[in-house]
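Here is the file model-v8.txt (compact mmCIF, N, CA and C atoms).
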```txt
# COMPACT_ATOMS: atom_id res chain seq x y z
N MET D 1 30.85 87.04 16.70
CA MET D 1 32.30 87.02 16.65
C MET D 1 32.78 88.42 16.28
N VAL D 2 33.75 88.90 17.04
CA VAL D 2 34.35 90.21 16.77
C VAL D 2 35.75 89.97 16.24
N ARG D 3 36.03 90.51 15.07
CA ARG D 3 37.34 90.33 14.44
C ARG D 3 38.09 91.67 14.39
N ASN D 4 39.39 91.56 14.20
CA ASN D 4 40.28 92.71 14.05
C ASN D 4 40.47 93.50 15.33
N LEU D 5 40.48 92.79 16.45
CA LEU D 5 40.83 93.44 17.71
C LEU D 5 42.35 93.58 17.76
N PRO D 6 42.85 94.62 18.40
CA PRO D 6 44.31 94.75 18.53
C PRO D 6 44.90 93.54 19.25
N SER D 7 46.10 93.14 18.87
CA SER D 7 46.72 91.95 19.45
C SER D 7 47.05 92.14 20.93
N ASN D 8 47.13 93.39 21.38
CA ASN D 8 47.41 93.62 22.80
C ASN D 8 46.13 93.70 23.64
N PHE D 9 44.98 93.43 23.01
CA PHE D 9 43.71 93.46 23.72
C PHE D 9 43.66 92.30 24.71
N THR D 10 43.19 92.58 25.91
CA THR D 10 43.00 91.55 26.92
C THR D 10 41.51 91.32 27.11
N ARG D 11 41.19 90.26 27.80
CA ARG D 11 39.79 90.00 28.11
C ARG D 11 39.20 91.15 28.91
N GLN D 12 39.96 91.68 29.87
CA GLN D 12 39.47 92.78 30.69
C GLN D 12 39.23 94.04 29.86
N LYS D 13 40.13 94.32 28.93
CA LYS D 13 39.93 95.48 28.05
C LYS D 13 38.65 95.32 27.23
N LEU D 14 38.41 94.09 26.77
CA LEU D 14 37.19 93.83 26.01
C LEU D 14 35.95 94.04 26.87
N LEU D 15 35.97 93.50 28.08
CA LEU D 15 34.83 93.68 29.00
C LEU D 15 34.61 95.16 29.30
N ASP D 16 35.68 95.88 29.55
CA ASP D 16 35.57 97.32 29.83
C ASP D 16 34.97 98.07 28.64
N LEU D 17 35.39 97.70 27.43
CA LEU D 17 34.85 98.33 26.22
C LEU D 17 33.37 98.03 26.05
N LEU D 18 32.99 96.76 26.22
CA LEU D 18 31.58 96.38 26.11
C LEU D 18 30.72 97.19 27.07
N ASP D 19 31.17 97.29 28.31
CA ASP D 19 30.41 98.01 29.33
C ASP D 19 30.37 99.50 29.05
N ALA D 20 31.50 100.07 28.64
CA ALA D 20 31.56 101.51 28.36
C ALA D 20 30.67 101.90 27.18
N GLU D 21 30.48 100.96 26.26
CA GLU D 21 29.66 101.24 25.08
C GLU D 21 28.19 100.89 25.29
N GLY D 22 27.79 100.59 26.53
CA GLY D 22 26.39 100.40 26.86
C GLY D 22 25.87 98.98 26.79
N PHE D 23 26.75 97.99 26.73
CA PHE D 23 26.30 96.61 26.61
C PHE D 23 26.44 95.82 27.92
N GLU D 24 26.72 96.51 29.00
CA GLU D 24 26.84 95.85 30.30
C GLU D 24 25.56 95.10 30.64
N GLY D 25 25.71 93.86 31.07
CA GLY D 25 24.56 93.05 31.47
C GLY D 25 23.80 92.43 30.32
N SER D 26 24.21 92.68 29.07
CA SER D 26 23.46 92.14 27.93
C SER D 26 24.14 90.94 27.28
N TYR D 27 25.31 90.58 27.77
CA TYR D 27 26.02 89.41 27.24
C TYR D 27 26.12 88.36 28.34
N ASP D 28 26.18 87.09 27.92
CA ASP D 28 26.29 86.01 28.90
C ASP D 28 27.50 85.12 28.66
N PHE D 29 28.25 85.38 27.59
CA PHE D 29 29.46 84.62 27.29
C PHE D 29 30.47 85.53 26.61
N VAL D 30 31.73 85.45 27.07
CA VAL D 30 32.82 86.22 26.47
C VAL D 30 34.07 85.35 26.47
N TYR D 31 34.71 85.25 25.31
CA TYR D 31 35.99 84.53 25.23
C TYR D 31 36.89 85.20 24.20
N LEU D 32 38.09 85.56 24.65
CA LEU D 32 39.10 86.18 23.81
C LEU D 32 40.28 85.21 23.72
N PRO D 33 40.36 84.41 22.63
CA PRO D 33 41.45 83.45 22.51
C PRO D 33 42.82 84.13 22.42
N ILE D 34 43.84 83.43 22.90
CA ILE D 34 45.20 83.95 22.87
C ILE D 34 46.15 82.89 22.31
N ASP D 35 47.32 83.34 21.92
CA ASP D 35 48.40 82.45 21.50
C ASP D 35 49.23 82.16 22.74
N TYR D 36 49.24 80.94 23.19
CA TYR D 36 49.89 80.59 24.45
C TYR D 36 51.41 80.74 24.41
N LEU D 37 51.99 80.76 23.23
CA LEU D 37 53.45 80.88 23.15
C LEU D 37 53.95 82.31 23.13
N LYS D 38 53.11 83.23 22.72
CA LYS D 38 53.53 84.63 22.67
C LYS D 38 53.53 85.22 24.07
N LYS D 39 54.60 85.86 24.41
CA LYS D 39 54.67 86.51 25.72
C LYS D 39 54.22 87.95 25.63
N LYS D 40 54.43 88.57 24.47
CA LYS D 40 54.04 89.96 24.26
C LYS D 40 52.92 89.97 23.22
N ASN D 41 51.85 90.67 23.50
CA ASN D 41 50.70 90.78 22.60
C ASN D 41 50.18 89.40 22.16
N PRO D 42 49.72 88.61 23.12
CA PRO D 42 49.31 87.24 22.79
C PRO D 42 47.94 87.11 22.13
N GLY D 43 47.18 88.21 22.03
CA GLY D 43 45.84 88.13 21.47
C GLY D 43 45.84 87.67 20.02
N LEU D 44 44.83 86.91 19.65
CA LEU D 44 44.69 86.43 18.27
C LEU D 44 43.88 87.40 17.42
N GLY D 45 43.35 88.46 18.03
CA GLY D 45 42.65 89.49 17.25
C GLY D 45 41.17 89.26 17.06
N TYR D 46 40.60 88.32 17.79
CA TYR D 46 39.16 88.11 17.69
C TYR D 46 38.62 87.63 19.02
N ALA D 47 37.29 87.69 19.17
CA ALA D 47 36.63 87.25 20.39
C ALA D 47 35.26 86.68 20.04
N PHE D 48 34.82 85.79 20.90
CA PHE D 48 33.47 85.23 20.77
C PHE D 48 32.61 85.81 21.87
N LEU D 49 31.44 86.28 21.49
CA LEU D 49 30.48 86.85 22.44
C LEU D 49 29.12 86.21 22.20
N ASN D 50 28.35 86.13 23.27
CA ASN D 50 26.95 85.72 23.12
C ASN D 50 26.11 86.72 23.88
N PHE D 51 25.09 87.23 23.21
CA PHE D 51 24.18 88.19 23.84
C PHE D 51 22.89 87.49 24.23
N VAL D 52 22.28 87.99 25.29
CA VAL D 52 21.07 87.38 25.84
C VAL D 52 19.92 87.46 24.84
N LEU D 53 19.85 88.57 24.12
CA LEU D 53 18.76 88.77 23.16
C LEU D 53 19.31 88.99 21.75
N PRO D 54 18.68 88.39 20.74
CA PRO D 54 19.15 88.56 19.37
C PRO D 54 19.17 90.02 18.92
N GLU D 55 18.20 90.80 19.37
CA GLU D 55 18.16 92.21 18.95
C GLU D 55 19.33 93.00 19.53
N VAL D 56 19.80 92.62 20.71
CA VAL D 56 20.97 93.27 21.29
C VAL D 56 22.22 92.86 20.51
N ALA D 57 22.29 91.60 20.11
CA ALA D 57 23.41 91.15 19.28
C ALA D 57 23.46 91.95 17.98
N ASP D 58 22.30 92.22 17.41
CA ASP D 58 22.25 93.01 16.18
C ASP D 58 22.65 94.46 16.45
N GLN D 59 22.21 95.02 17.58
CA GLN D 59 22.64 96.38 17.95
C GLN D 59 24.15 96.44 18.12
N PHE D 60 24.71 95.41 18.76
CA PHE D 60 26.15 95.34 18.93
C PHE D 60 26.84 95.29 17.57
N ARG D 61 26.34 94.45 16.68
CA ARG D 61 26.93 94.32 15.34
C ARG D 61 26.93 95.67 14.62
N GLN D 62 25.81 96.38 14.68
CA GLN D 62 25.71 97.68 14.03
C GLN D 62 26.65 98.70 14.67
N HIS D 63 26.73 98.67 15.99
CA HIS D 63 27.55 99.65 16.72
C HIS D 63 29.05 99.43 16.50
N PHE D 64 29.49 98.17 16.51
CA PHE D 64 30.93 97.88 16.46
C PHE D 64 31.47 97.63 15.06
N SER D 65 30.64 97.27 14.10
CA SER D 65 31.14 97.04 12.74
C SER D 65 31.70 98.35 12.19
N GLY D 66 32.95 98.30 11.77
CA GLY D 66 33.59 99.49 11.21
C GLY D 66 34.26 100.38 12.23
N LEU D 67 34.15 100.05 13.52
CA LEU D 67 34.78 100.85 14.56
C LEU D 67 36.30 100.70 14.48
N ALA D 68 37.00 101.83 14.41
CA ALA D 68 38.47 101.80 14.35
C ALA D 68 39.01 101.43 15.72
N MET D 69 39.72 100.32 15.79
CA MET D 69 40.29 99.87 17.06
C MET D 69 41.74 100.32 17.21
N SER D 70 42.37 100.65 16.11
CA SER D 70 43.73 101.18 16.10
C SER D 70 43.94 101.81 14.73
N SER D 71 45.15 102.25 14.46
CA SER D 71 45.39 102.88 13.16
C SER D 71 45.28 101.90 12.01
N THR D 72 45.38 100.59 12.31
CA THR D 72 45.32 99.60 11.23
C THR D 72 44.20 98.59 11.39
N LYS D 73 43.50 98.59 12.51
CA LYS D 73 42.47 97.57 12.76
C LYS D 73 41.09 98.21 12.81
N VAL D 74 40.18 97.67 12.01
CA VAL D 74 38.79 98.11 11.98
C VAL D 74 37.93 96.90 12.32
N CYS D 75 37.09 97.05 13.32
CA CYS D 75 36.26 95.94 13.80
C CYS D 75 35.35 95.40 12.71
N GLU D 76 35.22 94.10 12.74
CA GLU D 76 34.26 93.40 11.90
C GLU D 76 33.48 92.48 12.83
N VAL D 77 32.16 92.54 12.79
CA VAL D 77 31.33 91.70 13.64
C VAL D 77 30.50 90.78 12.74
N THR D 78 30.64 89.48 12.99
CA THR D 78 29.93 88.50 12.19
C THR D 78 29.31 87.45 13.11
N TRP D 79 28.37 86.70 12.56
CA TRP D 79 27.85 85.55 13.27
C TRP D 79 28.92 84.47 13.18
N SER D 80 29.13 83.74 14.24
CA SER D 80 30.10 82.65 14.24
C SER D 80 29.64 81.56 13.29
N ASP D 81 30.58 81.00 12.55
CA ASP D 81 30.27 79.91 11.64
C ASP D 81 30.11 78.58 12.37
N SER D 82 30.69 78.51 13.58
CA SER D 82 30.74 77.21 14.24
C SER D 82 29.80 77.05 15.43
N VAL D 83 29.69 78.04 16.28
CA VAL D 83 28.92 77.88 17.52
C VAL D 83 27.98 79.08 17.71
N GLN D 84 26.73 78.79 18.03
CA GLN D 84 25.74 79.82 18.32
C GLN D 84 25.01 79.47 19.61
N GLY D 85 24.75 80.46 20.45
CA GLY D 85 23.94 80.26 21.64
C GLY D 85 24.75 79.91 22.87
N LEU D 86 24.25 80.33 24.03
CA LEU D 86 24.96 80.12 25.28
C LEU D 86 25.21 78.65 25.57
N HIS D 87 24.21 77.82 25.45
CA HIS D 87 24.37 76.40 25.74
C HIS D 87 25.48 75.79 24.88
N ASN D 88 25.49 76.11 23.60
CA ASN D 88 26.50 75.55 22.70
C ASN D 88 27.90 76.06 23.04
N HIS D 89 28.03 77.32 23.45
CA HIS D 89 29.33 77.84 23.88
C HIS D 89 29.80 77.11 25.14
N MET D 90 28.91 76.93 26.09
CA MET D 90 29.28 76.22 27.32
C MET D 90 29.74 74.81 27.01
N GLU D 91 29.00 74.11 26.16
CA GLU D 91 29.36 72.74 25.82
C GLU D 91 30.67 72.69 25.03
N ARG D 92 30.90 73.67 24.20
CA ARG D 92 32.14 73.71 23.41
C ARG D 92 33.37 73.89 24.31
N TYR D 93 33.25 74.71 25.34
CA TYR D 93 34.43 75.08 26.14
C TYR D 93 34.56 74.36 27.48
N ARG D 94 33.53 73.77 28.01
CA ARG D 94 33.64 73.16 29.35
C ARG D 94 34.67 72.05 29.41
N ASN D 95 34.92 71.34 28.32
CA ASN D 95 35.91 70.27 28.26
C ASN D 95 37.14 70.67 27.43
N SER D 96 37.24 71.93 27.11
CA SER D 96 38.32 72.44 26.27
C SER D 96 39.61 72.57 27.05
N PRO D 97 40.75 72.42 26.38
CA PRO D 97 42.04 72.64 27.04
C PRO D 97 42.17 74.01 27.70
N VAL D 98 41.45 75.00 27.20
CA VAL D 98 41.53 76.34 27.79
C VAL D 98 40.99 76.35 29.22
N MET D 99 40.24 75.32 29.60
CA MET D 99 39.71 75.23 30.96
C MET D 99 40.60 74.37 31.87
N HIS D 100 41.75 73.95 31.36
CA HIS D 100 42.68 73.14 32.15
C HIS D 100 43.16 73.96 33.36
N GLU D 101 43.42 73.28 34.46
CA GLU D 101 43.81 73.95 35.71
C GLU D 101 45.08 74.79 35.57
N SER D 102 45.93 74.49 34.60
CA SER D 102 47.17 75.26 34.43
C SER D 102 46.96 76.59 33.72
N VAL D 103 45.79 76.78 33.10
CA VAL D 103 45.52 78.02 32.37
C VAL D 103 44.98 79.06 33.35
N PRO D 104 45.62 80.23 33.41
CA PRO D 104 45.16 81.27 34.34
C PRO D 104 43.73 81.71 34.03
N ASP D 105 43.02 82.10 35.06
CA ASP D 105 41.63 82.51 34.92
C ASP D 105 41.44 83.60 33.87
N GLU D 106 42.36 84.55 33.79
CA GLU D 106 42.17 85.68 32.87
C GLU D 106 42.27 85.28 31.40
N LEU D 107 42.62 84.03 31.12
CA LEU D 107 42.70 83.54 29.75
C LEU D 107 41.55 82.63 29.38
N ARG D 108 40.64 82.41 30.31
CA ARG D 108 39.53 81.48 30.09
C ARG D 108 38.26 82.22 29.64
N PRO D 109 37.34 81.49 29.04
CA PRO D 109 36.03 82.08 28.73
C PRO D 109 35.27 82.40 30.01
N LEU D 110 34.35 83.33 29.90
CA LEU D 110 33.53 83.74 31.05
C LEU D 110 32.05 83.55 30.75
N LEU D 111 31.30 83.26 31.80
CA LEU D 111 29.84 83.21 31.75
C LEU D 111 29.30 84.27 32.69
N PHE D 112 28.16 84.86 32.30
CA PHE D 112 27.50 85.88 33.11
C PHE D 112 26.01 85.61 33.20
N ARG D 113 25.44 86.04 34.31
CA ARG D 113 24.00 86.11 34.47
C ARG D 113 23.75 87.55 34.87
N GLY D 114 23.21 88.34 33.92
CA GLY D 114 23.12 89.78 34.15
C GLY D 114 24.53 90.35 34.20
N MET D 115 24.83 91.09 35.26
CA MET D 115 26.17 91.66 35.40
C MET D 115 27.06 90.81 36.31
N GLU D 116 26.55 89.69 36.75
CA GLU D 116 27.30 88.84 37.67
C GLU D 116 27.98 87.69 36.93
N ARG D 117 29.26 87.53 37.19
CA ARG D 117 29.99 86.40 36.63
C ARG D 117 29.53 85.14 37.35
N VAL D 118 29.31 84.07 36.58
CA VAL D 118 28.90 82.80 37.15
C VAL D 118 29.90 81.72 36.72
N PRO D 119 30.03 80.65 37.53
CA PRO D 119 31.00 79.61 37.19
C PRO D 119 30.60 78.81 35.96
N PHE D 120 31.60 78.30 35.28
CA PHE D 120 31.38 77.41 34.16
C PHE D 120 30.89 76.08 34.70
N PRO D 121 30.06 75.35 33.94
CA PRO D 121 29.66 74.01 34.37
C PRO D 121 30.90 73.11 34.49
N ALA D 122 30.83 72.15 35.36
CA ALA D 122 31.94 71.21 35.55
C ALA D 122 32.19 70.44 34.25
N PRO D 123 33.44 70.09 34.01
CA PRO D 123 33.73 69.28 32.81
C PRO D 123 33.09 67.91 32.93
N THR D 124 32.87 67.28 31.80
CA THR D 124 32.29 65.94 31.77
C THR D 124 33.34 64.88 31.48
N ARG D 125 34.59 65.33 31.27
CA ARG D 125 35.70 64.39 31.07
C ARG D 125 37.00 65.07 31.52
N THR D 126 38.07 64.32 31.55
CA THR D 126 39.36 64.87 31.95
C THR D 126 39.83 65.87 30.90
N ILE D 127 40.26 67.03 31.37
CA ILE D 127 40.72 68.08 30.47
C ILE D 127 42.23 67.99 30.32
N ILE D 128 42.70 68.01 29.08
CA ILE D 128 44.13 68.00 28.84
C ILE D 128 44.63 69.44 28.68
N ALA D 129 45.88 69.66 29.01
CA ALA D 129 46.48 71.00 28.88
C ALA D 129 46.54 71.41 27.41
N PRO D 130 46.48 72.70 27.14
CA PRO D 130 46.59 73.17 25.74
C PRO D 130 47.92 72.71 25.12
N ARG D 131 47.88 72.39 23.84
CA ARG D 131 49.12 72.07 23.13
C ARG D 131 50.03 73.28 23.15
N ARG D 132 51.29 73.04 23.13
CA ARG D 132 52.29 74.11 23.13
C ARG D 132 52.18 74.99 24.37
N TRP D 133 51.75 74.41 25.46
CA TRP D 133 51.54 75.17 26.69
C TRP D 133 52.31 74.55 27.82
N ASP D 134 53.08 75.35 28.50
CA ASP D 134 53.77 74.90 29.70
C ASP D 134 53.26 75.80 30.81
N GLY D 135 52.19 75.40 31.42
CA GLY D 135 51.54 76.24 32.42
C GLY D 135 52.46 76.68 33.54
N ALA D 136 53.36 75.82 33.97
CA ALA D 136 54.27 76.18 35.06
C ALA D 136 55.20 77.31 34.65
N ASN D 137 55.62 77.30 33.38
CA ASN D 137 56.55 78.33 32.93
C ASN D 137 55.86 79.54 32.32
N GLN D 138 54.67 79.37 31.79
CA GLN D 138 53.99 80.46 31.09
C GLN D 138 53.01 81.22 31.96
N LYS D 139 52.54 80.63 33.01
CA LYS D 139 51.45 81.17 33.80
C LYS D 139 51.62 82.65 34.14
N ASN D 140 52.80 83.03 34.59
CA ASN D 140 53.00 84.41 35.01
C ASN D 140 53.65 85.28 33.95
N LYS D 141 53.87 84.75 32.77
CA LYS D 141 54.53 85.50 31.71
C LYS D 141 53.57 86.16 30.75
N ILE D 142 52.34 85.71 30.70
CA ILE D 142 51.39 86.26 29.73
C ILE D 142 50.61 87.38 30.37
```

Would you mind writing the structure in this file as structure tokens?
Amino acid sequence: MVRNLPSNFTRQKLLDLLDAEGFEGSYDFVYLPIDYLKKKNPGLGYAFLNFVLPEVADQFRQHFSGLAMSSTKVCEVTWSDSVQGLHNHMERYRNSPVMHESVPDELRPLLFRGMERVPFPAPTRTIIAPRRWDGANQKNKI
């Protein structure tokens, strides 16, 4: 888990940063949660990542811990208290409201195999829309 990301950080900015810092192809899960009601700077300031190898996760932790992300934000990298491992991340999010059809792709978690994006497994139950979310009205505003 990466904490203290700038609130204007997007999933694409995070991916670009990971790749620019030498971690391209070493992660298999990326999710940057957002506040669905905020139209400007919707980021919640943290992201969940899963690395293919534990030693790469540790290298990432060492590299990014303490990195100044802005004048007021300094990165903190910790192990997630709730979910560990690719399988558990997939199971956590495949039926999550964030995977609802009304949520734009750029706001959803991603899976990778090497440097190639791969589809999420199909849900195992009906997915409900996120609370406080009006996909028809918010889709193009975030």

For this session: Apply DSSP to the structure's backbone, then extract all residues of chain D labelled helix (DSSP H, G or I) and return them as a PyMOL selection string.
Result: chain D and resi 11-20+54-64+86-93+97-99+105-107+135-138

Problem set entry | Among listed residues D:Gly25, D:Asp16, D:Leu49, D:Thr10, nearest Gly85 (chain D) (using all atoms listed in the file) | D:Leu49

Seminar exercise, completed: Shortest contact to Phe64 (chain D), candidates D:Val52, D:Leu5, D:Glu21, D:Val77, atoms counted all atoms listed in the file, goes to D:Val77

Exercise. Which residues in chain D does DSSP call strand (DSSP E or B)? List them as a list in words.
Worked result: Val2, Arg3, Tyr27, Asp28, Phe29, Val30, Tyr31, Ile34, Gly43, Tyr46, Ala47, Phe48, Leu49, Asn50, Phe51, Ala68, Val74, Glu76, Val77, Leu110, Leu111, Phe112, Arg113, Glu116, Arg117 and Val118 of chain D

Exercise. Counting all atoms listed in the file, which of D:Glu106, D:Glu91, D:Glu101, D:Asp81 gets nearest to Ile128 (chain D)?
Worked result: D:Glu101

Exercise. What separation in Å, quoted to one decimal, exists between atom C of Tyr31 (chain D) and atom N of Ala47 (chain D)?
Worked result: 5.6 Å

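The gap separating atom C of Asp19 (chain D) from atom N of Val74 (chain D) is 19.7 Å, in Å to one decimal.
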
Problem set entry | Closest of D:Ser102, D:Tyr46, D:Asp58, D:Arg113 to Glu76 (chain D) - atom-to-atom distances counting only C-alpha atoms | D:Tyr46

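Our summary of the geometry notes that CA of Pro121 (chain D) is positioned 28.9 Å from CA of Asn8 (chain D).
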
For this session: Write out as a VMD selection string the residues lying within 10 Å of Tyr27 (chain D), counting only C-alpha atoms and excluding same-chain residues fewer than 5 positions away.
Result: chain D and resid 15 18 to 19 49 to 53 56 to 57 86 111 to 115

For this session: Excluding Gly43 (chain D) and residues on its chain fewer than 4 positions from it, collect all residues at most 6 Å away from it, counting only N, CA and C atoms, and give them as an MDAnalysis selection string.
Result: chainID D and resid 6:9 33:35

What would the file look like if the residues just selected were written as a tab-separated table (two decimals), keeping the file's coordinate frame with N, CA and C atoms?
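In the end it all went to result-v5.tsv:
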```
chain	number	residue	atom	x	y	z
D	6	PRO	N	42.85	94.62	18.40
D	6	PRO	CA	44.31	94.75	18.53
D	6	PRO	C	44.90	93.54	19.25
D	7	SER	N	46.10	93.14	18.87
D	7	SER	CA	46.72	91.95	19.45
D	7	SER	C	47.05	92.14	20.93
D	8	ASN	N	47.13	93.39	21.38
D	8	ASN	CA	47.41	93.62	22.80
D	8	ASN	C	46.13	93.70	23.64
D	9	PHE	N	44.98	93.43	23.01
D	9	PHE	CA	43.71	93.46	23.72
D	9	PHE	C	43.66	92.30	24.71
D	33	PRO	N	40.36	84.41	22.63
D	33	PRO	CA	41.45	83.45	22.51
D	33	PRO	C	42.82	84.13	22.42
D	34	ILE	N	43.84	83.43	22.90
D	34	ILE	CA	45.20	83.95	22.87
D	34	ILE	C	46.15	82.89	22.31
D	35	ASP	N	47.32	83.34	21.92
D	35	ASP	CA	48.40	82.45	21.50
D	35	ASP	C	49.23	82.16	22.74
```

Exercise. Contacts of Gly66 (chain D) at 12 Å or less, counting only C-alpha atoms, minus same-chain residues fewer than 2 places along, as a VMD selection string?
Worked result: chain D and resid 2 to 5 60 to 64 68 to 70 72 to 78

Problem set entry | Top pick for closest residue to Phe120 (chain D), considering D:Val98, D:Met90, D:Leu107, D:Leu14 and counting all atoms listed in the file |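 Among the listed residues, the smallest separation from Phe120 (chain D) belongs to D:Met90.
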
Exercise. Which of these, D:Pro130, D:Pro97, D:Pro109, D:Pro54, has the shortest distance to Gln12 (chain D) once you count only C-alpha atoms?
Worked result: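 Checking each candidate against Gln12 (chain D), we get D:Pro109 as the closest.
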